[in-house]
Structures are given as structure tokens and as C-alpha cells.
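S.K.: Got a structure for you, structure.cif, holding mmCIF, C-alpha atoms.
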```cif
data_start
#
loop_
_atom_site.group_PDB
_atom_site.id
_atom_site.type_symbol
_atom_site.label_atom_id
_atom_site.label_comp_id
_atom_site.auth_asym_id
_atom_site.auth_seq_id
_atom_site.Cartn_x
_atom_site.Cartn_y
_atom_site.Cartn_z
ATOM 1 C CA MET A 435 4.815 -17.427 -20.887
ATOM 2 C CA ARG A 436 4.714 -19.213 -17.570
ATOM 3 C CA LEU A 437 2.855 -17.421 -14.815
ATOM 4 C CA ASN A 438 3.669 -19.692 -11.922
ATOM 5 C CA PHE A 439 3.716 -16.656 -9.692
ATOM 6 C CA ILE A 440 1.087 -13.973 -9.924
ATOM 7 C CA ILE A 441 2.597 -10.725 -8.749
ATOM 8 C CA MET A 442 6.307 -10.128 -8.327
ATOM 9 C CA LEU A 443 6.562 -6.377 -8.096
ATOM 10 C CA ASP A 444 8.462 -6.025 -4.841
ATOM 11 C CA ALA A 445 10.940 -8.659 -5.966
ATOM 12 C CA LEU A 446 11.448 -7.170 -9.414
ATOM 13 C CA LEU A 447 13.056 -3.770 -9.719
ATOM 14 C CA PHE A 448 10.107 -1.967 -11.281
ATOM 15 C CA THR A 449 9.167 1.457 -10.006
ATOM 16 C CA LYS A 450 6.201 1.308 -12.388
ATOM 17 C CA PRO A 451 4.583 -2.096 -13.041
ATOM 18 C CA PRO A 452 4.988 -3.510 -16.560
ATOM 19 C CA THR A 453 2.040 -2.979 -18.902
ATOM 20 C CA LEU A 454 1.778 -6.717 -19.563
ATOM 21 C CA LEU A 455 1.378 -7.507 -15.882
ATOM 22 C CA ARG A 456 -1.277 -4.833 -15.506
ATOM 23 C CA SER A 457 -3.203 -6.186 -18.484
ATOM 24 C CA VAL A 458 -3.095 -9.786 -17.281
ATOM 25 C CA TYR A 459 -4.286 -8.809 -13.800
ATOM 26 C CA ARG A 460 -6.613 -6.063 -14.888
ATOM 27 C CA LYS A 461 -9.130 -6.831 -12.149
ATOM 28 C CA CYS A 462 -6.686 -5.418 -9.609
ATOM 29 C CA LEU A 463 -6.711 -1.688 -8.995
ATOM 30 C CA TRP A 464 -3.349 -0.386 -10.235
ATOM 31 C CA SER A 465 -4.298 3.271 -10.660
ATOM 32 C CA VAL A 466 -7.401 5.432 -10.787
ATOM 33 C CA ASN A 467 -8.673 6.375 -14.232
ATOM 34 C CA THR A 468 -8.889 10.144 -14.011
ATOM 35 C CA THR A 469 -7.613 13.254 -15.745
ATOM 36 C CA GLU A 470 -7.921 15.284 -12.556
ATOM 37 C CA GLN A 471 -4.846 16.377 -10.651
ATOM 38 C CA THR A 472 -5.326 13.737 -7.983
ATOM 39 C CA ILE A 473 -2.821 11.354 -6.419
ATOM 40 C CA TYR A 474 -3.532 8.442 -4.091
ATOM 41 C CA LEU A 475 -0.913 7.935 -1.399
ATOM 42 C CA THR A 476 -0.895 4.554 0.328
ATOM 43 C CA PHE A 477 1.075 3.371 3.356
ATOM 44 C CA ASP A 478 1.765 -0.283 4.115
ATOM 45 C CA ASP A 479 2.740 -2.218 7.252
ATOM 46 C CA GLY A 480 1.587 0.016 10.119
ATOM 47 C CA PRO A 481 0.413 1.249 12.405
ATOM 48 C CA ILE A 482 3.521 1.603 14.563
ATOM 49 C CA ALA A 483 4.417 4.293 17.082
ATOM 50 C CA GLU A 484 7.792 5.001 15.505
ATOM 51 C CA ALA A 485 6.528 5.897 12.024
ATOM 52 C CA THR A 486 2.773 6.302 11.627
ATOM 53 C CA PRO A 487 2.308 9.504 13.695
ATOM 54 C CA PHE A 488 4.915 11.280 11.558
ATOM 55 C CA VAL A 489 3.041 10.273 8.403
ATOM 56 C CA LEU A 490 -0.243 11.502 9.855
ATOM 57 C CA ASP A 491 1.296 14.794 10.929
ATOM 58 C CA GLU A 492 2.669 15.433 7.430
ATOM 59 C CA LEU A 493 -0.610 14.551 5.744
ATOM 60 C CA LYS A 494 -2.473 16.922 8.049
ATOM 61 C CA LYS A 495 -0.234 19.835 7.051
ATOM 62 C CA TYR A 496 -1.501 19.522 3.466
ATOM 63 C CA LYS A 497 -5.049 18.423 4.300
ATOM 64 C CA ALA A 498 -4.144 15.256 2.420
ATOM 65 C CA LYS A 499 -6.043 11.992 2.699
ATOM 66 C CA ALA A 500 -4.433 8.596 2.200
ATOM 67 C CA THR A 501 -5.089 4.874 2.459
ATOM 68 C CA PHE A 502 -3.365 2.777 5.114
ATOM 69 C CA PHE A 503 -2.978 -0.953 4.472
ATOM 70 C CA CYS A 504 -2.620 -2.184 8.028
ATOM 71 C CA ILE A 505 -1.235 -5.366 9.540
ATOM 72 C CA GLY A 506 -3.656 -6.907 11.999
ATOM 73 C CA LYS A 507 -1.166 -7.537 14.799
ATOM 74 C CA ASN A 508 0.054 -3.941 14.537
ATOM 75 C CA ILE A 509 -3.514 -2.693 14.905
ATOM 76 C CA GLU A 510 -3.850 -4.703 18.099
ATOM 77 C CA ALA A 511 -0.516 -3.417 19.389
ATOM 78 C CA ASN A 512 -1.279 0.235 18.573
ATOM 79 C CA PRO A 513 -5.042 0.768 18.833
ATOM 80 C CA GLU A 514 -4.830 4.495 19.615
ATOM 81 C CA ILE A 515 -2.712 5.187 16.538
ATOM 82 C CA PHE A 516 -5.101 3.119 14.454
ATOM 83 C CA LYS A 517 -8.005 5.112 15.839
ATOM 84 C CA ARG A 518 -6.217 8.320 14.923
ATOM 85 C CA ILE A 519 -5.916 7.144 11.296
ATOM 86 C CA MET A 520 -9.685 6.696 11.162
ATOM 87 C CA ASP A 521 -10.491 9.857 13.130
ATOM 88 C CA GLU A 522 -8.475 11.941 10.676
ATOM 89 C CA GLY A 523 -10.493 10.671 7.746
ATOM 90 C CA HIS A 524 -8.145 8.255 6.031
ATOM 91 C CA SER A 525 -9.257 4.936 4.580
ATOM 92 C CA ILE A 526 -8.129 1.524 5.753
ATOM 93 C CA GLY A 527 -7.150 -1.624 3.900
ATOM 94 C CA ASN A 528 -6.249 -5.189 4.841
ATOM 95 C CA HIS A 529 -2.545 -6.135 4.681
ATOM 96 C CA SER A 530 -2.956 -9.533 6.381
ATOM 97 C CA TYR A 531 -2.579 -10.227 10.075
ATOM 98 C CA ASP A 532 1.089 -11.298 10.084
ATOM 99 C CA HIS A 533 2.434 -9.876 6.780
ATOM 100 C CA LEU A 534 2.545 -13.302 5.170
ATOM 101 C CA ASN A 535 4.208 -14.005 1.847
ATOM 102 C CA GLY A 536 1.586 -15.698 -0.319
ATOM 103 C CA TRP A 537 4.182 -17.636 -2.294
ATOM 104 C CA GLN A 538 5.511 -19.250 0.887
ATOM 105 C CA THR A 539 2.174 -19.936 2.567
ATOM 106 C CA SER A 540 -0.465 -22.585 1.967
ATOM 107 C CA ASN A 541 -3.681 -21.252 0.508
ATOM 108 C CA GLU A 542 -5.807 -22.079 3.528
ATOM 109 C CA GLU A 543 -3.356 -20.529 5.974
ATOM 110 C CA TYR A 544 -3.139 -17.435 3.803
ATOM 111 C CA TYR A 545 -6.910 -16.999 3.536
ATOM 112 C CA SER A 546 -7.253 -17.524 7.282
ATOM 113 C CA ASN A 547 -4.635 -14.855 7.955
ATOM 114 C CA ILE A 548 -6.365 -12.359 5.684
ATOM 115 C CA GLU A 549 -9.684 -13.068 7.369
ATOM 116 C CA LYS A 550 -8.114 -12.686 10.810
ATOM 117 C CA CYS A 551 -7.066 -9.181 9.789
ATOM 118 C CA THR A 552 -10.599 -8.498 8.544
ATOM 119 C CA GLU A 553 -11.941 -9.564 11.938
ATOM 120 C CA THR A 554 -9.386 -7.338 13.673
ATOM 121 C CA LEU A 555 -10.476 -4.374 11.564
ATOM 122 C CA ALA A 556 -14.096 -5.011 12.492
ATOM 123 C CA ALA A 557 -13.236 -5.348 16.177
ATOM 124 C CA HIS A 558 -11.639 -1.907 16.015
ATOM 125 C CA HIS A 559 -14.663 -0.414 14.270
ATOM 126 C CA ALA A 560 -13.044 -0.279 10.836
ATOM 127 C CA ALA A 561 -15.143 -2.683 8.824
ATOM 128 C CA ASN A 562 -14.429 -1.453 5.297
ATOM 129 C CA ALA A 563 -17.364 -1.589 2.911
ATOM 130 C CA ASP A 564 -14.981 -1.747 -0.037
ATOM 131 C CA ARG A 565 -12.943 -4.541 1.568
ATOM 132 C CA LEU A 566 -9.659 -3.185 0.247
ATOM 133 C CA LEU A 567 -6.757 -5.641 0.268
ATOM 134 C CA ARG A 568 -3.092 -5.312 -0.609
ATOM 135 C CA PRO A 569 -1.186 -8.609 -0.466
ATOM 136 C CA PRO A 570 2.123 -8.285 1.402
ATOM 137 C CA TYR A 571 5.049 -8.031 -1.024
ATOM 138 C CA GLY A 572 2.466 -7.991 -3.822
ATOM 139 C CA LYS A 573 2.893 -11.772 -3.986
ATOM 140 C CA LEU A 574 0.046 -14.167 -4.616
ATOM 141 C CA LYS A 575 -0.236 -17.636 -6.074
ATOM 142 C CA PRO A 576 -2.709 -17.953 -8.972
ATOM 143 C CA ALA A 577 -5.283 -19.710 -6.789
ATOM 144 C CA GLN A 578 -4.930 -17.058 -4.096
ATOM 145 C CA TYR A 579 -5.432 -14.294 -6.638
ATOM 146 C CA LYS A 580 -8.603 -15.938 -7.966
ATOM 147 C CA PHE A 581 -10.041 -16.647 -4.512
ATOM 148 C CA LEU A 582 -9.309 -13.241 -2.993
ATOM 149 C CA ASN A 583 -10.335 -11.273 -6.054
ATOM 150 C CA GLU A 584 -13.859 -12.603 -5.596
ATOM 151 C CA ARG A 585 -13.982 -11.353 -2.007
ATOM 152 C CA TYR A 586 -11.845 -8.223 -1.847
ATOM 153 C CA ARG A 587 -10.826 -5.266 -3.971
ATOM 154 C CA ILE A 588 -7.146 -6.031 -4.543
ATOM 155 C CA VAL A 589 -5.189 -2.786 -4.692
ATOM 156 C CA LEU A 590 -1.702 -2.755 -6.158
ATOM 157 C CA TRP A 591 0.113 0.350 -7.382
ATOM 158 C CA ASP A 592 1.189 2.598 -10.187
ATOM 159 C CA VAL A 593 4.351 3.867 -8.457
ATOM 160 C CA LEU A 594 6.492 1.972 -5.963
ATOM 161 C CA SER A 595 8.721 4.316 -3.966
ATOM 162 C CA PHE A 596 11.164 1.569 -2.881
ATOM 163 C CA ASP A 597 11.448 3.232 0.517
ATOM 164 C CA PHE A 598 12.035 -0.246 1.978
ATOM 165 C CA ASP A 599 15.141 -0.881 -0.166
ATOM 166 C CA LEU A 600 18.230 -0.396 2.001
ATOM 167 C CA SER A 601 20.450 -0.131 -1.081
ATOM 168 C CA LEU A 602 18.745 3.083 -2.251
ATOM 169 C CA ASN A 603 19.414 6.510 -0.841
ATOM 170 C CA GLU A 604 16.735 8.988 0.182
ATOM 171 C CA GLU A 605 17.041 11.099 -2.950
ATOM 172 C CA LYS A 606 16.472 8.072 -5.189
ATOM 173 C CA VAL A 607 13.285 7.218 -3.312
ATOM 174 C CA LEU A 608 12.064 10.780 -3.756
ATOM 175 C CA ASN A 609 12.897 10.764 -7.460
ATOM 176 C CA ASN A 610 11.123 7.433 -7.945
ATOM 177 C CA VAL A 611 7.903 9.158 -6.955
ATOM 178 C CA ILE A 612 8.399 12.622 -8.428
ATOM 179 C CA THR A 613 9.385 11.392 -11.880
ATOM 180 C CA ASN A 614 6.804 8.626 -12.214
ATOM 181 C CA ALA A 615 3.596 9.838 -10.527
ATOM 182 C CA GLY A 616 0.789 11.628 -12.330
ATOM 183 C CA PRO A 617 -2.996 11.958 -12.328
ATOM 184 C CA GLY A 618 -4.581 8.859 -10.780
ATOM 185 C CA SER A 619 -1.330 7.326 -9.547
ATOM 186 C CA ILE A 620 -1.472 4.993 -6.564
ATOM 187 C CA ILE A 621 1.838 5.443 -4.737
ATOM 188 C CA VAL A 622 3.277 3.025 -2.192
ATOM 189 C CA PHE A 623 5.125 4.192 0.897
ATOM 190 C CA HIS A 624 5.577 2.243 4.133
ATOM 191 C CA ASP A 625 5.003 3.371 7.710
ATOM 192 C CA SER A 626 7.570 0.886 8.973
ATOM 193 C CA LEU A 627 10.880 1.011 10.817
ATOM 194 C CA LYS A 628 12.840 -0.032 7.744
ATOM 195 C CA ALA A 629 11.338 2.701 5.597
ATOM 196 C CA LYS A 630 11.181 5.404 8.264
ATOM 197 C CA PRO A 631 14.334 7.437 7.381
ATOM 198 C CA LYS A 632 13.428 7.594 3.698
ATOM 199 C CA VAL A 633 9.775 8.399 4.349
ATOM 200 C CA GLU A 634 10.766 11.191 6.703
ATOM 201 C CA TYR A 635 12.884 12.637 3.909
ATOM 202 C CA ALA A 636 10.703 11.958 0.875
ATOM 203 C CA LEU A 637 7.107 12.323 2.045
ATOM 204 C CA PRO A 638 7.216 16.041 2.956
ATOM 205 C CA LYS A 639 8.912 16.797 -0.366
ATOM 206 C CA VAL A 640 6.384 14.740 -2.335
ATOM 207 C CA LEU A 641 3.505 16.541 -0.642
ATOM 208 C CA GLN A 642 5.071 19.923 -1.288
ATOM 209 C CA HIS A 643 6.060 19.159 -4.889
ATOM 210 C CA PHE A 644 2.673 17.968 -6.049
ATOM 211 C CA SER A 645 0.723 20.507 -4.007
ATOM 212 C CA THR A 646 2.676 23.276 -5.715
ATOM 213 C CA LYS A 647 1.637 21.776 -9.049
ATOM 214 C CA GLY A 648 -2.027 21.876 -8.056
ATOM 215 C CA PHE A 649 -2.482 18.206 -7.148
ATOM 216 C CA LYS A 650 -4.711 17.023 -4.325
ATOM 217 C CA PHE A 651 -4.259 13.852 -2.308
ATOM 218 C CA GLU A 652 -7.277 11.598 -1.846
ATOM 219 C CA LYS A 653 -8.027 8.259 -0.211
ATOM 220 C CA LEU A 654 -9.209 5.205 -2.120
#
```
Give the structure from this file in C-alpha cells form.

M.R.:
Amino acid sequence: MRLNFIIMLDALLFTKPPTLLRSVYRKCLWSVNTTEQTIYLTFDDGPIAEATPFVLDELKKYKAKATFFCIGKNIEANPEIFKRIMDEGHSIGNHSYDHLNGWQTSNEEYYSNIEKCTETLAAHHAANADRLLRPPYGKLKPAQYKFLNERYRIVLWDVLSFDFDLSLNEEKVLNNVITNAGPGSIIVFHDSLKAKPKVEYALPKVLQHFSTKGFKFEKL
């Protein structure tokens, strides 16, 4: 089996990652090993004024905590929204400075971009002791995976909502989460313009559905 490309989850139509991929890249955090009724919501690509405040408002209604994988340039463009994420007790992760695709970027440029986001986080008083990192698109070359895994905690996912997929309707996005999430699941949503309509539909229903079943929502 050729593994010329490390992680292809956004490109492949998998709501849940294949077991083989999880076993090969077992050093990544795919889900949390727990039997407790706990789910880990994550939001990629923010913060932006058009989407992130809505997400924060919905989380607050359920006293839910989440993890936001932020793009460095969006932090700089929206410092007050970023501060609100921290003030409300959510955790922060690195999602690169410019949302680079690792497959299409030289290793040195990619590492530099990740580090630039780390520096941006620190400049905005969000130096993360756990150094959480989610590669944009979930795409890394083998060398990038090896290098970054030694320096960051790479967080992937157990359930991909596909809120970014323009070919899917809102109900499908909701069902992707409802039917696949369980104890310890790490779920991916996006606080982005592309995902906004589907997040506005699905997120409140996900929070209500799992809260009714006795689940709590925690940050990583």
C-alpha cells in the first residue's frame, strides 16, 4: 500500500475515518478514549465576525465548551472575537497562519506558516501548553507528519460534519453528526462563511439532541 499522502480525509468522502488510517497514524488524536457521555466539538477556520459569534452564543446556551482551531491571519483581523473565545473558556488550537495545504506546500514553508500562527497565538495571549494543531484539510506529507508530530499534538477527528460541502443539504450535515457521534467523539464543524448556513442549522440541533441524551460538551 502506497502512502504517498498522509491524511486525505477532507478529500475522501468519509464521515468517519477508516480504521486502517487511524491505526497507521495512531499518534494523532482521533477521539478521546472514554465511556463517559462526553463529546468534543471543534471549529476550524475562524475567528470571523460573520460566523464565530453565532457559534459562541449557541455554546453558551448549553454551557458547552469547545476547541477552536484558528487561522493566524483571522486572529489578527478579529482580535476581539478571538479574545471572547478565550474569555468564555474554550481551548485554542493552531490551524496555520494562511490555511495552507500541506500537499501543495514545501516543507519549510509549511513549518514556517505553522510557527507564524504559534507566534500569533502567543502575541494574543493564547500560548497553548498542549500545542494543539490541526492541519488544514487534514493533509500532510509524510515528512510533515513526522516533523510536526514531534512538536505538536496533532488533532484530527472521529466525525466530520461536511458542513463545508456545498453539495450537501443542511439535514445531511446534521445527520452526519447525529448518527455517527458517541462518547469521546471529536466532531469537526467550521466557523467559516462557506459553512455558516449549515452550522446555523445543525449546531443548535446537535447541542439539543445530545444534551437531551445526557451528553456534555468539553474542550480538548

S.K.: Between A:Ile612, A:Cys504, A:Thr453, A:His524, which is the closest to Ser645 of chain A once you count all atoms listed in the file?

M.R.: A:Ile612

S.K.: Suppose a student applies the PyMOL selection byres ((chain A and resi 604-606) around 8) to this structure; what residues should they get, written as a list in words?

M.R.: Asp597, Leu602, Asn603, Val607, Leu608, Asn609, Asn610, Pro631, Lys632, Tyr635 and Ala636 of chain A

S.K.: Under the PyMOL selection byres ((chain A and resi 622) around 9), which residues of this model are included? Write them out as a PDB file with C-alpha atoms, in the frame of the given file.

M.R.:
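As written to disk, part09.pdb reads:
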```pdb
ATOM      1  CA  TYR A 474      -3.532   8.442  -4.091  1.00  0.00           C
ATOM      2  CA  LEU A 475      -0.913   7.935  -1.399  1.00  0.00           C
ATOM      3  CA  THR A 476      -0.895   4.554   0.328  1.00  0.00           C
ATOM      4  CA  PHE A 477       1.075   3.371   3.356  1.00  0.00           C
ATOM      5  CA  ASP A 478       1.765  -0.283   4.115  1.00  0.00           C
ATOM      6  CA  LEU A 590      -1.702  -2.755  -6.158  1.00  0.00           C
ATOM      7  CA  TRP A 591       0.113   0.350  -7.382  1.00  0.00           C
ATOM      8  CA  ASP A 592       1.189   2.598 -10.187  1.00  0.00           C
ATOM      9  CA  VAL A 593       4.351   3.867  -8.457  1.00  0.00           C
ATOM     10  CA  LEU A 594       6.492   1.972  -5.963  1.00  0.00           C
ATOM     11  CA  SER A 595       8.721   4.316  -3.966  1.00  0.00           C
ATOM     12  CA  PHE A 596      11.164   1.569  -2.881  1.00  0.00           C
ATOM     13  CA  ASP A 597      11.448   3.232   0.517  1.00  0.00           C
ATOM     14  CA  ILE A 620      -1.472   4.993  -6.564  1.00  0.00           C
ATOM     15  CA  ILE A 621       1.838   5.443  -4.737  1.00  0.00           C
ATOM     16  CA  PHE A 623       5.125   4.192   0.897  1.00  0.00           C
ATOM     17  CA  HIS A 624       5.577   2.243   4.133  1.00  0.00           C
TER      18      HIS A 624
END
```

S.K.: Quick check, in Å to one decimal: how far apart do atom CA of Gly618 of chain A and atom CA of Gln471 of chain A lie?

M.R.: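 Spanning atom CA of Gly618 of chain A to atom CA of Gln471 of chain A is a straight-line distance of 7.5 Å.
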
S.K.: Of the residues A:Glu514, A:Leu582, A:Tyr571, A:Leu641, which is the one nearest to Leu534 of chain A, using all atoms listed in the file?

M.R.: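 Of the candidates, the smallest distance to Leu534 of chain A is held by A:Tyr571.
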
S.K.: Evaluate the PyMOL selection byres ((chain A and resi 481-488) around 7) against this structure - the residues, as a PyMOL selection string, please.

M.R.: chain A and resi 479-480+489-492+504+508-509+512+515-516+625-627+630

S.K.: Using only C-alpha atoms, find the one residue out of A:Ile473, A:Cys462, A:Leu654, A:Ala511 that sits nearest to Ser525 of chain A.

M.R.: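 Counting only C-alpha atoms, the residue closest to Ser525 of chain A is A:Leu654.
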
S.K.: Rounded to one decimal place, report the atom CA of Phe649 of chain A-atom CA of Ile588 of chain A distance in Å.

M.R.: 24.8 Å

S.K.: Neighbouring residues of Gln578 of chain A were defined as those with any atom within 10 Å, considering all atoms listed in the file; residues of the same chain fewer than 4 positions away were excluded. Please report them as a list in words.

M.R.: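 So the residues in contact are Ile440, Gly536, Trp537, Ser540, Asn541, Glu542, Tyr544, Tyr545, Pro569, Lys573, Leu574, Leu582 and Asn583 of chain A.
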
S.K.: Just to confirm, what's the straight-line distance from atom CA of Thr501 of chain A to atom CA of Ile526 of chain A in Å (one decimal)?

M.R.: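 Here the two named atoms are 5.6 Å from each other.
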
S.K.: Out of A:Lys450, A:Lys639, A:Ser619, A:Lys653, which residue has the shortest atom-to-atom distance to Asn467 of chain A when counting only C-alpha atoms?

M.R.: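 Under the stated criterion, the closest residue is A:Ser619.
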
S.K.: May I have a table of the residues of segment 507-544 of chain A lying at most 12 Å from segment 584-587 of chain A, giving each one's closest pair of atoms and their distance in Å to one decimal, counting only C-alpha atoms, ordered by chain and ascending residue number, as a tab-separated table?

M.R.:
```
residue	atom	partner	partner_atom	distance
A:Gly527	CA	A:Arg587	CA	9.4
A:Asn528	CA	A:Tyr586	CA	9.2
A:His529	CA	A:Tyr586	CA	11.6
```
